[in-house]
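Below: one structure, written as structure tokens.
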Amino acid sequence: MSCERGCTGEMRYDYTELDKTLAYYGGTDGSLITVLQKAQDIYGYLPREVIEYISAGLKLKSAKVYGVATFYTQFRFNPVGKYLILLCMGTACHVNGAKTIEEAIIEELGISDGETTEDGLFTLSNVACLGCCSLSPVMMINQDTYGTLTADKVKEILDGLRAAA
Amino acid sequence: MRILVGQGSCGNAAGANKVFDVLVSAFLENDIKAELLSTGCIGACYLEPIVEIIADNGDKCTYVRVTAEDAAQIVEKHIVGGNIIPELLMPDEDVKALESQTKIALRNCGIINPENIDEYIANGGYLAAKKSITELSQDEVIKIIEISGLRGRGGAGFPTYFKWNAAKNSPGAIKYMVCNADEGDPGAFMDRAVLEGDPHSVLEGMLIGGYSMGATEGIIYVRAEYPLAIWRLEIAIEQAREKGYLGQNIFGTNYSFDIRIKAGAGAFVCGEETALIASLEGERGMPRLRPPYPAVKGYWGRPTNINNVETFANVPWIVANGGEAFAAMGAVSSKGTKVFALTGKIKKGGLVEIPMGYTLREIIFDIGGGIKEDREFKAVQMGGPSGGCIPKSLIDTPVTYEDIPATGAIVGSGGMVVMDDTTCMVDMARFFLDFTEKESCGKCSYCRVGTKRMLEILNRIVNGDGRDGDIELLEELADKISAGSLCALGQTAPNPVRTTLRHFRNEYEDHIHNKKCTAKSCRALLTYSIDEEMCKYCTLCLRACPSGAITGAARELHVIDQEKCIACGRCFTACKFDAVLVE
């Protein structure tokens, strides 16, 4: 069985880790968000199949699971690159030129908010506030925070990551 | 000898983790026997990374803006050689500015190792909880908080004792004490600093409050964007359990209380109590009508009290020192100290904790060092998306829960974003509406659709397409959205527009009628040209231009083709001779 989107009908995901999560949280009311967070940690995003799997595991309608997942900005429904750039769009960063930083990233990587580079290395995601306001403008790449950015500094950082990849 | 490296998220962003790594390897290499530890944020973010060396006799040296090279030097000259490096020391004026603050919520931040409970205990930690639980009745604890005059530090400024009392008086065998650590207000980061720098003060505050209302469980709802805070809270909770401060029969009494962490998933509206509860229950974070208040019917329908991080951090100090000591500081009805996050176009950005009642001028100029590059102060934004911009003419307003609302802004969680003459007020209003429009949960039509319409109008104004009647339309929408929304997000969403219209109406008029942005910030309204007299034909601007709009060559006049110009301003930044003009 196959469909035009390339689904084969077979399980494409390894559910070993997710099964453990579901077993641990399955009996606790209100743990849907935590389960979704763990699932995203495992797969990097929330594929449709995984959402269906979670809804079956928690005995919830998949529309309900999807409804909760889409409410929160943390959840992603498409795969992300090796480096996830969280670009801060908070007030302090805005006042100190976050726009210029965004343009520098767009120019360097050719992607805008929510997109991933073709080589699968970088994903850009604009976020509300990273709480490092006194070092604005700021961005976070995976777990590292970079502050007092300039257009040149951004290019240097991205070049460095690309070379290391 | 003790060596402390400030490693809050801000310190690490400035390079503190690299400094720490250099120190670790230098210590191993030279077999140095000294205590090296990472601590939280001391508040002076503009001086990060900070390395503090405390000699055995208590003498303290604070090195600032330390690079990896500096760190190697500090090891060689100071730690091994015993000689202070004067040029790296914190300037005297900054030492004075730090010493002039009164630190209660931030009392341990940057001083103790947040990952070691013994250091918190050595500074008097958990004594207030012990006193509360073993010596005081629930009412006596609430009375102390009432005398202190402590008001919620998260934004609403509601008296803390009142909420605790209401939750205590609600019948129920199971009650919850919730800490709102979903610091979503863009421009505020004091909660992050407390969680990263002194997590036990929050746990102890929750324990004391939990005891006073009879809570059986505590939950910390913390932003997923704060991984370091979550990590340190997890360690702190584990250590507190080991010591018996959390769990069954605390301090040998029959009181039992435990705390767990719930990571938020990113939704500003979850700062609202009822939305936060919905999110805790694993639902979409949408607010509901109050009453019933959470104190009566909250998490899983049971009595629930919710306070913010900074509020909890004050509690152990208040119980230890007495409500009167806290009430002795601050202004008439705004007692105690408050932490403010100074950011934007300010010289000394960071966290400051001072008694309430200081004027904005004192905070921005005396403590914050004034405006970057000595430009002109234009306004300060307080209260984030629910707040407003306070203009220069009101800079002598004291920061209290009464005086700030009179300007149209709110104290909020204490974020202060300072703006200079290059910040456009219409664009600021647009920025905040863009935020609230995205963060609206969609439940109330006025908020969901109204903020969208307001944003559309503001977008067309900054793009030079403003029309007659737009200002009046904004005012009408503002009133309707406030009246027609269920929760504070919608009710206050128009505030940034209201305050800028009130204090900077001329900027709106300039944008709409004269197609002019006086702050020279709205690109669609700017024209770049080259001053023939000033141009030195150096080709710097030409090379900086991303759209190939500048023609010319070395020793040939440069000209900007207005058709191709995208008004990005890079030529303006590149020019060293002030030859690029902006109109």
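Ligands are numbered from 1 in the order shown, chains are lettered A, B, ... in the order of the structure tokens, and residues start at 1 in each chain.
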Could I get the residues of chain A with an atom no further than 8 Å from an atom of chain B, each paired with its nearest atom pair and that distance in Å to one decimal, using only C-alpha atoms, sorted by chain and residue number, as CSV?
residue,atom,partner,partner_atom,distance
A:Asp29,CA,B:Glu281,CA,7.2
A:Gly30,CA,B:Glu281,CA,4.2
A:Ser31,CA,B:Gly282,CA,5.6
A:Leu32,CA,B:Gly282,CA,5.1
A:Ile33,CA,B:Gly282,CA,5.3
A:Thr34,CA,B:Ala263,CA,7.5
A:Gln37,CA,B:Ala265,CA,7.9
A:Gly67,CA,B:Arg284,CA,7.3
A:Val68,CA,B:Arg284,CA,5.0
A:Phe71,CA,B:Arg284,CA,6.0
A:Tyr72,CA,B:Gly266,CA,5.3
A:Thr73,CA,B:Gly266,CA,5.1
A:Gln74,CA,B:Ala265,CA,5.2
A:Phe75,CA,B:Ala265,CA,7.5
A:Gly90,CA,B:Pro186,CA,4.8
A:Thr91,CA,B:Gly187,CA,5.5
A:Ala92,CA,B:Gly344,CA,4.8
A:Cys93,CA,B:Gly344,CA,7.5
A:Val95,CA,B:Gly344,CA,6.1
A:Asn96,CA,B:Gly344,CA,6.4
A:Ala128,CA,B:Pro186,CA,6.6
A:Cys129,CA,B:Pro186,CA,5.1
A:Leu130,CA,B:Glu225,CA,6.5
A:Gly131,CA,B:Phe189,CA,4.9
A:Cys132,CA,B:Cys10,CA,5.3
A:Cys133,CA,B:Gly187,CA,5.9
A:Ser134,CA,B:Gly349,CA,5.0
A:Leu135,CA,B:Cys10,CA,7.0
A:Ser136,CA,B:Gly344,CA,7.7
A:Asp144,CA,B:Ala13,CA,7.3
A:Thr145,CA,B:Ala13,CA,4.8
A:Tyr146,CA,B:Ala13,CA,4.9
A:Gly147,CA,B:Ala13,CA,5.5
Write out, as an mmCIF file, in the first residue's frame, the residues just selected, with N, CA and C atoms.
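part13.cif written:
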data_model
loop_
_atom_site.group_PDB
_atom_site.id
_atom_site.type_symbol
_atom_site.label_atom_id
_atom_site.label_comp_id
_atom_site.auth_asym_id
_atom_site.auth_seq_id
_atom_site.Cartn_x
_atom_site.Cartn_y
_atom_site.Cartn_z
ATOM 1 N N ASP A 29 -2.996 11.479 34.630
ATOM 2 C CA ASP A 29 -3.825 12.469 33.933
ATOM 3 C C ASP A 29 -3.017 13.733 33.646
ATOM 4 N N GLY A 30 -3.310 14.348 32.534
ATOM 5 C CA GLY A 30 -2.709 15.649 32.251
ATOM 6 C C GLY A 30 -1.263 15.594 31.804
ATOM 7 N N SER A 31 -0.790 14.436 31.373
ATOM 8 C CA SER A 31 0.627 14.383 31.001
ATOM 9 C C SER A 31 0.848 14.453 29.492
ATOM 10 N N LEU A 32 -0.203 14.823 28.755
ATOM 11 C CA LEU A 32 -0.091 14.867 27.296
ATOM 12 C C LEU A 32 1.061 15.760 26.827
ATOM 13 N N ILE A 33 1.169 16.957 27.415
ATOM 14 C CA ILE A 33 2.210 17.884 26.953
ATOM 15 C C ILE A 33 3.600 17.303 27.223
ATOM 16 N N THR A 34 3.761 16.696 28.387
ATOM 17 C CA THR A 34 5.051 16.092 28.718
ATOM 18 C C THR A 34 5.382 14.975 27.729
ATOM 19 N N GLN A 37 6.481 16.454 24.519
ATOM 20 C CA GLN A 37 7.844 16.989 24.633
ATOM 21 C C GLN A 37 8.877 15.874 24.525
ATOM 22 N N GLY A 67 -4.639 19.139 18.488
ATOM 23 C CA GLY A 67 -5.111 20.444 18.963
ATOM 24 C C GLY A 67 -4.209 21.011 20.038
ATOM 25 N N VAL A 68 -3.803 20.164 20.969
ATOM 26 C CA VAL A 68 -2.907 20.618 22.032
ATOM 27 C C VAL A 68 -1.534 20.946 21.444
ATOM 28 N N PHE A 71 -1.218 24.235 19.670
ATOM 29 C CA PHE A 71 -1.426 25.438 20.485
ATOM 30 C C PHE A 71 -0.095 26.030 20.939
ATOM 31 N N TYR A 72 0.874 25.153 21.171
ATOM 32 C CA TYR A 72 2.137 25.600 21.759
ATOM 33 C C TYR A 72 3.234 25.748 20.716
ATOM 34 N N THR A 73 4.005 26.836 20.855
ATOM 35 C CA THR A 73 5.018 27.131 19.838
ATOM 36 C C THR A 73 6.185 26.148 19.857
ATOM 37 N N GLN A 74 6.352 25.443 20.976
ATOM 38 C CA GLN A 74 7.504 24.539 21.059
ATOM 39 C C GLN A 74 7.421 23.371 20.080
ATOM 40 N N PHE A 75 6.197 22.966 19.727
ATOM 41 C CA PHE A 75 6.058 21.755 18.922
ATOM 42 C C PHE A 75 6.186 22.023 17.431
ATOM 43 N N GLY A 90 12.501 39.352 21.063
ATOM 44 C CA GLY A 90 11.988 40.075 22.227
ATOM 45 C C GLY A 90 12.150 41.578 22.073
ATOM 46 N N THR A 91 11.599 42.322 23.023
ATOM 47 C CA THR A 91 11.596 43.779 22.938
ATOM 48 C C THR A 91 13.000 44.361 22.876
ATOM 49 N N ALA A 92 13.858 43.905 23.788
ATOM 50 C CA ALA A 92 15.211 44.457 23.844
ATOM 51 C C ALA A 92 15.961 44.147 22.557
ATOM 52 N N CYS A 93 15.797 42.926 22.047
ATOM 53 C CA CYS A 93 16.462 42.551 20.799
ATOM 54 C C CYS A 93 15.905 43.362 19.630
ATOM 55 N N VAL A 95 14.658 46.398 19.758
ATOM 56 C CA VAL A 95 15.194 47.761 19.860
ATOM 57 C C VAL A 95 16.662 47.795 19.432
ATOM 58 N N ASN A 96 17.385 46.720 19.698
ATOM 59 C CA ASN A 96 18.810 46.697 19.371
ATOM 60 C C ASN A 96 19.130 46.038 18.030
ATOM 61 N N ALA A 128 9.991 34.313 20.855
ATOM 62 C CA ALA A 128 9.565 35.530 21.543
ATOM 63 C C ALA A 128 10.660 36.149 22.405
ATOM 64 N N CYS A 129 11.178 35.435 23.371
ATOM 65 C CA CYS A 129 12.213 36.049 24.203
ATOM 66 C C CYS A 129 13.030 34.961 24.860
ATOM 67 N N LEU A 130 14.344 35.071 24.775
ATOM 68 C CA LEU A 130 15.220 34.056 25.368
ATOM 69 C C LEU A 130 15.686 34.460 26.762
ATOM 70 N N GLY A 131 15.325 35.674 27.188
ATOM 71 C CA GLY A 131 15.670 36.105 28.543
ATOM 72 C C GLY A 131 17.129 36.474 28.743
ATOM 73 N N CYS A 132 17.821 36.820 27.666
ATOM 74 C CA CYS A 132 19.206 37.298 27.795
ATOM 75 C C CYS A 132 19.251 38.742 27.307
ATOM 76 N N CYS A 133 18.254 39.513 27.740
ATOM 77 C CA CYS A 133 17.978 40.820 27.154
ATOM 78 C C CYS A 133 19.152 41.799 27.211
ATOM 79 N N SER A 134 19.983 41.688 28.240
ATOM 80 C CA SER A 134 21.047 42.688 28.338
ATOM 81 C C SER A 134 22.174 42.385 27.359
ATOM 82 N N LEU A 135 22.097 41.251 26.671
ATOM 83 C CA LEU A 135 23.108 40.943 25.660
ATOM 84 C C LEU A 135 22.507 41.016 24.266
ATOM 85 N N SER A 136 21.375 41.678 24.142
ATOM 86 C CA SER A 136 20.658 41.713 22.876
ATOM 87 C C SER A 136 21.478 42.419 21.793
ATOM 88 N N ASP A 144 23.496 26.422 22.814
ATOM 89 C CA ASP A 144 24.402 27.545 23.058
ATOM 90 C C ASP A 144 23.766 28.890 22.729
ATOM 91 N N THR A 145 24.002 29.857 23.611
ATOM 92 C CA THR A 145 23.459 31.193 23.410
ATOM 93 C C THR A 145 24.558 32.136 22.917
ATOM 94 N N TYR A 146 24.232 32.935 21.911
ATOM 95 C CA TYR A 146 25.178 33.905 21.375
ATOM 96 C C TYR A 146 24.606 35.306 21.542
ATOM 97 N N GLY A 147 25.397 36.203 22.145
ATOM 98 C CA GLY A 147 24.882 37.545 22.425
ATOM 99 C C GLY A 147 25.611 38.655 21.694
#
For B:Ile261: contacts at 9 Å, only C-alpha atoms, fewer than 6 positions along chain excluded, given as an NGL selection string:
:B and (218-222 or 230 or 233-234)
Go ahead and save the residues from that selection, with C-alpha atoms, as a tab-separated table (two decimals), in the first residue's frame.
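Written out: part_39.tsv:
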chain	number	residue	atom	x	y	z
B	218	GLY	CA	3.95	22.08	44.71
B	219	ILE	CA	4.36	22.42	40.96
B	220	ILE	CA	6.77	24.71	39.16
B	221	TYR	CA	5.55	25.61	35.68
B	222	VAL	CA	8.73	26.70	33.95
B	230	ILE	CA	15.14	23.48	34.70
B	233	LEU	CA	15.76	23.21	39.74
B	234	GLU	CA	15.92	19.44	39.25
Find the residues around stretch 142-147 of chain B up to 10 Å (only C-alpha atoms counted), leave out those fewer than 6 positions away in its own chain, and share them as JSON, numbers by chain.
{"B": [136, 159, 160, 161, 162, 163, 164, 165, 168, 208, 209, 211, 212, 213, 314, 315, 318, 319, 320, 321, 322, 323, 324, 325, 326, 327, 335]}
From a backbone DSSP assignment, name each residue in stretch 213-308 of chain B labelled strand (DSSP E or B), as number ranges by chain.
B: 217-222, 247, 257-263, 304-308
Kindly save the residues from that selection, with all heavy atoms included, as a compact mmCIF listing (two decimals), in the first residue's frame.
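To be explicit, this is the file written out as part-v2.txt:
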# COMPACT_ATOMS: atom_id res chain seq x y z
N GLU B 217 1.01 19.51 47.54
CA GLU B 217 1.97 19.37 46.46
C GLU B 217 2.29 20.72 45.83
O GLU B 217 1.43 21.59 45.75
CB GLU B 217 1.42 18.42 45.39
CG GLU B 217 2.48 17.97 44.40
CD GLU B 217 1.96 17.05 43.30
OE1 GLU B 217 0.73 16.92 43.16
OE2 GLU B 217 2.80 16.49 42.59
N GLY B 218 3.53 20.87 45.41
CA GLY B 218 3.95 22.08 44.71
C GLY B 218 4.33 21.74 43.29
O GLY B 218 4.89 20.68 43.02
N ILE B 219 4.00 22.64 42.36
CA ILE B 219 4.36 22.42 40.96
C ILE B 219 5.00 23.70 40.44
O ILE B 219 4.47 24.79 40.65
CB ILE B 219 3.11 22.09 40.10
CG1 ILE B 219 2.37 20.89 40.68
CG2 ILE B 219 3.51 21.82 38.65
CD1 ILE B 219 0.92 20.84 40.29
N ILE B 220 6.13 23.54 39.79
CA ILE B 220 6.77 24.71 39.16
C ILE B 220 6.53 24.61 37.66
O ILE B 220 6.98 23.66 37.01
CB ILE B 220 8.28 24.76 39.46
CG1 ILE B 220 8.52 24.73 40.97
CG2 ILE B 220 8.91 26.00 38.84
CD1 ILE B 220 9.98 24.68 41.36
N TYR B 221 5.82 25.58 37.12
CA TYR B 221 5.55 25.61 35.68
C TYR B 221 6.60 26.52 35.05
O TYR B 221 6.54 27.74 35.18
CB TYR B 221 4.14 26.16 35.44
CG TYR B 221 3.69 26.13 33.99
CD1 TYR B 221 3.09 25.00 33.45
CD2 TYR B 221 3.85 27.24 33.17
CE1 TYR B 221 2.67 24.96 32.13
CE2 TYR B 221 3.42 27.21 31.84
CZ TYR B 221 2.84 26.08 31.33
OH TYR B 221 2.41 26.04 30.02
N VAL B 222 7.59 25.91 34.43
CA VAL B 222 8.73 26.70 33.95
C VAL B 222 8.86 26.64 32.43
O VAL B 222 8.53 25.63 31.80
CB VAL B 222 10.03 26.23 34.67
CG1 VAL B 222 10.27 24.75 34.46
CG2 VAL B 222 11.24 27.03 34.26
N GLY B 247 9.11 16.22 51.01
CA GLY B 247 8.74 14.82 51.19
C GLY B 247 7.82 14.64 52.38
O GLY B 247 7.05 15.55 52.71
N PHE B 257 5.02 17.63 51.99
CA PHE B 257 4.92 18.50 50.81
C PHE B 257 6.04 18.14 49.86
O PHE B 257 7.19 17.98 50.27
CB PHE B 257 5.06 19.96 51.26
CG PHE B 257 4.94 20.99 50.17
CD1 PHE B 257 3.70 21.33 49.64
CD2 PHE B 257 6.07 21.66 49.69
CE1 PHE B 257 3.59 22.31 48.64
CE2 PHE B 257 5.96 22.63 48.70
CZ PHE B 257 4.72 22.96 48.19
N ASP B 258 5.71 17.97 48.59
CA ASP B 258 6.76 17.72 47.60
C ASP B 258 6.54 18.62 46.39
O ASP B 258 5.43 19.12 46.19
CB ASP B 258 6.79 16.24 47.19
CG ASP B 258 8.18 15.84 46.69
OD1 ASP B 258 9.03 16.73 46.53
OD2 ASP B 258 8.40 14.65 46.46
N ILE B 259 7.60 18.82 45.63
CA ILE B 259 7.52 19.73 44.49
C ILE B 259 7.96 19.00 43.23
O ILE B 259 8.90 18.21 43.25
CB ILE B 259 8.45 20.96 44.71
CG1 ILE B 259 7.95 21.79 45.90
CG2 ILE B 259 8.52 21.83 43.46
CD1 ILE B 259 8.83 22.96 46.26
N ARG B 260 7.24 19.24 42.13
CA ARG B 260 7.70 18.71 40.84
C ARG B 260 7.70 19.82 39.79
O ARG B 260 7.06 20.86 39.96
CB ARG B 260 6.85 17.52 40.40
CG ARG B 260 5.41 17.85 40.13
CD ARG B 260 4.63 16.57 39.84
NE ARG B 260 3.21 16.78 39.99
CZ ARG B 260 2.39 17.10 38.98
NH1 ARG B 260 2.86 17.27 37.77
NH2 ARG B 260 1.09 17.28 39.19
N ILE B 261 8.42 19.55 38.71
CA ILE B 261 8.56 20.55 37.64
C ILE B 261 7.69 20.16 36.46
O ILE B 261 7.59 18.99 36.11
CB ILE B 261 10.02 20.61 37.16
CG1 ILE B 261 10.95 21.02 38.31
CG2 ILE B 261 10.19 21.59 36.00
CD1 ILE B 261 12.40 20.85 37.97
N LYS B 262 7.07 21.14 35.87
CA LYS B 262 6.33 20.90 34.64
C LYS B 262 6.87 21.92 33.63
O LYS B 262 6.79 23.12 33.87
CB LYS B 262 4.84 21.13 34.91
CG LYS B 262 3.96 20.75 33.78
CD LYS B 262 3.34 19.38 34.01
CE LYS B 262 2.42 19.03 32.86
NZ LYS B 262 1.82 17.73 32.99
N ALA B 263 7.43 21.43 32.54
CA ALA B 263 7.98 22.34 31.54
C ALA B 263 6.86 22.86 30.65
O ALA B 263 6.08 22.08 30.11
CB ALA B 263 9.04 21.64 30.72
N THR B 304 -6.09 26.01 44.66
CA THR B 304 -4.75 26.17 44.10
C THR B 304 -4.31 27.62 44.26
O THR B 304 -5.09 28.54 44.04
CB THR B 304 -4.78 25.83 42.58
OG1 THR B 304 -5.29 24.50 42.43
CG2 THR B 304 -3.40 25.91 41.96
N ASN B 305 -3.06 27.79 44.66
CA ASN B 305 -2.53 29.14 44.72
C ASN B 305 -1.36 29.25 43.75
O ASN B 305 -0.54 28.35 43.65
CB ASN B 305 -2.05 29.46 46.13
CG ASN B 305 -1.48 30.86 46.20
OD1 ASN B 305 -2.20 31.84 46.14
ND2 ASN B 305 -0.16 30.97 46.25
N ILE B 306 -1.30 30.38 43.04
CA ILE B 306 -0.23 30.58 42.06
C ILE B 306 0.51 31.87 42.37
O ILE B 306 -0.12 32.93 42.49
CB ILE B 306 -0.79 30.62 40.62
CG1 ILE B 306 -1.56 29.33 40.31
CG2 ILE B 306 0.33 30.84 39.61
CD1 ILE B 306 -2.29 29.35 39.00
N ASN B 307 1.81 31.79 42.55
CA ASN B 307 2.63 32.98 42.69
C ASN B 307 3.81 32.90 41.73
O ASN B 307 4.16 31.83 41.25
CB ASN B 307 3.17 33.12 44.11
CG ASN B 307 2.12 33.55 45.11
OD1 ASN B 307 1.85 32.87 46.08
ND2 ASN B 307 1.51 34.69 44.85
N ASN B 308 4.42 34.06 41.53
CA ASN B 308 5.54 34.13 40.60
C ASN B 308 6.86 33.85 41.34
O ASN B 308 6.93 33.88 42.56
CB ASN B 308 5.45 35.52 39.95
CG ASN B 308 6.77 36.19 39.76
OD1 ASN B 308 7.37 36.69 40.69
ND2 ASN B 308 7.21 36.21 38.54
For stretch 577-583 of chain B: contacts at 7 Å, only C-alpha atoms, fewer than 3 positions along chain excluded, given as a ChimeraX atom specification:
/B:526-531,534-535,571-572
Can you list, as an NGL selection string, every residue of stretch 100-204 of chain B that DSSP puts in helix (DSSP H, G or I)?
:B and (117-122 or 127-135 or 138-148 or 160-169 or 190-197 or 199-204)
Find the residues near A:Glu108: any atom within 8 Å, counting only C-alpha atoms, skip ones fewer than 3 places away on the same chain, and give them as a PyMOL selection string.
chain A and resi 104-105+155
Please write the residues from the selection above to a file, keeping N, CA, C and O atoms, as a PDB file, in the first residue's frame.
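Result written to result.pdb:
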ATOM      1  N   ALA A 104      20.643  39.122   8.062  1.00  0.00           N
ATOM      2  CA  ALA A 104      21.964  38.519   7.862  1.00  0.00           C
ATOM      3  C   ALA A 104      21.839  37.004   7.749  1.00  0.00           C
ATOM      4  O   ALA A 104      22.496  36.377   6.907  1.00  0.00           O
ATOM      5  N   ILE A 105      20.976  36.405   8.583  1.00  0.00           N
ATOM      6  CA  ILE A 105      20.786  34.950   8.540  1.00  0.00           C
ATOM      7  C   ILE A 105      20.130  34.549   7.220  1.00  0.00           C
ATOM      8  O   ILE A 105      20.549  33.602   6.552  1.00  0.00           O
ATOM      9  N   LYS A 155      27.526  35.792  10.582  1.00  0.00           N
ATOM     10  CA  LYS A 155      28.118  35.064   9.459  1.00  0.00           C
ATOM     11  C   LYS A 155      29.283  34.210   9.936  1.00  0.00           C
ATOM     12  O   LYS A 155      29.439  33.067   9.515  1.00  0.00           O
TER      13      LYS A 155
END
Need the shell around B:Val411: protein/DNA/RNA residues with any atom at most 10 Å away, counting only C-alpha atoms. Skip same-chain ones fewer than 6 positions apart. Format as a PyMOL selection string?
chain B and resi 153-157+338+340+381-384+386-388+399-405
For N, CA, C and O atoms, I'd like the residues from the last selection saved as an mmCIF file, in the first residue's frame.
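Saved as again21.cif:
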data_model
loop_
_atom_site.group_PDB
_atom_site.id
_atom_site.type_symbol
_atom_site.label_atom_id
_atom_site.label_comp_id
_atom_site.auth_asym_id
_atom_site.auth_seq_id
_atom_site.Cartn_x
_atom_site.Cartn_y
_atom_site.Cartn_z
ATOM 1 N N ARG B 153 4.844 39.713 42.362
ATOM 2 C CA ARG B 153 5.869 40.334 41.524
ATOM 3 C C ARG B 153 5.740 39.970 40.051
ATOM 4 O O ARG B 153 6.553 40.374 39.238
ATOM 5 N N GLY B 154 4.738 39.173 39.715
ATOM 6 C CA GLY B 154 4.618 38.713 38.337
ATOM 7 C C GLY B 154 3.989 39.720 37.400
ATOM 8 O O GLY B 154 4.171 39.660 36.201
ATOM 9 N N GLY B 155 3.245 40.676 37.933
ATOM 10 C CA GLY B 155 2.652 41.646 37.033
ATOM 11 C C GLY B 155 1.422 42.316 37.622
ATOM 12 O O GLY B 155 1.268 43.530 37.578
ATOM 13 N N ALA B 156 0.542 41.528 38.229
ATOM 14 C CA ALA B 156 -0.714 42.094 38.689
ATOM 15 C C ALA B 156 -0.554 42.856 40.011
ATOM 16 O O ALA B 156 -1.334 43.756 40.309
ATOM 17 N N GLY B 157 0.443 42.505 40.821
ATOM 18 C CA GLY B 157 0.682 43.222 42.066
ATOM 19 C C GLY B 157 -0.388 42.994 43.112
ATOM 20 O O GLY B 157 -0.681 43.862 43.935
ATOM 21 N N LYS B 338 12.191 45.541 44.660
ATOM 22 C CA LYS B 338 11.733 44.929 43.410
ATOM 23 C C LYS B 338 12.938 44.800 42.492
ATOM 24 O O LYS B 338 13.796 45.687 42.475
ATOM 25 N N PHE B 340 14.432 44.912 38.819
ATOM 26 C CA PHE B 340 14.136 45.462 37.496
ATOM 27 C C PHE B 340 15.171 44.961 36.495
ATOM 28 O O PHE B 340 16.348 44.841 36.822
ATOM 29 N N GLN B 381 9.904 51.542 28.173
ATOM 30 C CA GLN B 381 8.743 50.670 28.074
ATOM 31 C C GLN B 381 8.696 49.810 29.328
ATOM 32 O O GLN B 381 9.671 49.163 29.684
ATOM 33 N N MET B 382 7.590 49.848 30.034
ATOM 34 C CA MET B 382 7.432 49.016 31.222
ATOM 35 C C MET B 382 6.197 48.141 31.087
ATOM 36 O O MET B 382 5.175 48.574 30.579
ATOM 37 N N GLY B 383 6.308 46.903 31.576
ATOM 38 C CA GLY B 383 5.137 46.031 31.612
ATOM 39 C C GLY B 383 4.937 45.190 30.370
ATOM 40 O O GLY B 383 3.922 44.521 30.241
ATOM 41 N N GLY B 384 5.899 45.228 29.451
ATOM 42 C CA GLY B 384 5.827 44.367 28.265
ATOM 43 C C GLY B 384 4.581 44.607 27.445
ATOM 44 O O GLY B 384 4.076 45.728 27.368
ATOM 45 N N SER B 386 1.594 44.177 27.945
ATOM 46 C CA SER B 386 0.437 44.708 28.660
ATOM 47 C C SER B 386 0.686 46.127 29.144
ATOM 48 O O SER B 386 -0.187 46.750 29.731
ATOM 49 N N GLY B 387 1.889 46.593 28.940
ATOM 50 C CA GLY B 387 2.279 47.882 29.515
ATOM 51 C C GLY B 387 2.302 48.994 28.500
ATOM 52 O O GLY B 387 1.543 49.006 27.538
ATOM 53 N N GLY B 388 3.208 49.952 28.740
ATOM 54 C CA GLY B 388 3.229 51.083 27.836
ATOM 55 C C GLY B 388 4.552 51.807 27.874
ATOM 56 O O GLY B 388 5.440 51.489 28.660
ATOM 57 N N VAL B 399 8.677 54.702 40.837
ATOM 58 C CA VAL B 399 8.232 53.384 40.414
ATOM 59 C C VAL B 399 7.484 52.702 41.564
ATOM 60 O O VAL B 399 8.086 52.116 42.462
ATOM 61 N N THR B 400 6.167 52.860 41.555
ATOM 62 C CA THR B 400 5.311 52.207 42.548
ATOM 63 C C THR B 400 4.081 51.677 41.819
ATOM 64 O O THR B 400 3.827 52.034 40.665
ATOM 65 N N TYR B 401 3.323 50.851 42.521
ATOM 66 C CA TYR B 401 2.115 50.267 41.929
ATOM 67 C C TYR B 401 1.009 51.304 41.721
ATOM 68 O O TYR B 401 -0.009 51.003 41.127
ATOM 69 N N GLU B 402 1.211 52.534 42.222
ATOM 70 C CA GLU B 402 0.218 53.586 42.008
ATOM 71 C C GLU B 402 0.663 54.558 40.913
ATOM 72 O O GLU B 402 -0.114 54.944 40.056
ATOM 73 N N ASP B 403 1.945 54.978 40.985
ATOM 74 C CA ASP B 403 2.398 56.043 40.090
ATOM 75 C C ASP B 403 2.590 55.586 38.643
ATOM 76 O O ASP B 403 2.286 56.330 37.715
ATOM 77 N N ILE B 404 3.103 54.374 38.465
ATOM 78 C CA ILE B 404 3.351 53.915 37.088
ATOM 79 C C ILE B 404 2.034 53.758 36.307
ATOM 80 O O ILE B 404 1.940 54.232 35.169
ATOM 81 N N PRO B 405 0.995 53.139 36.885
ATOM 82 C CA PRO B 405 -0.267 53.035 36.122
ATOM 83 C C PRO B 405 -0.841 54.397 35.716
ATOM 84 O O PRO B 405 -1.529 54.503 34.697
#
Residues at most 12 Å from B:Lys515, counting only C-alpha atoms, excluding those fewer than 2 positions away in the same chain, as an NGL selection string?
:B and (460-467 or 507-513 or 517-518 or 520 or 522-527 or 583)
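The interatomic distance for the pair atom CA of B:Phe365 and atom CA of B:Ser393 works out to 14.6 Å.
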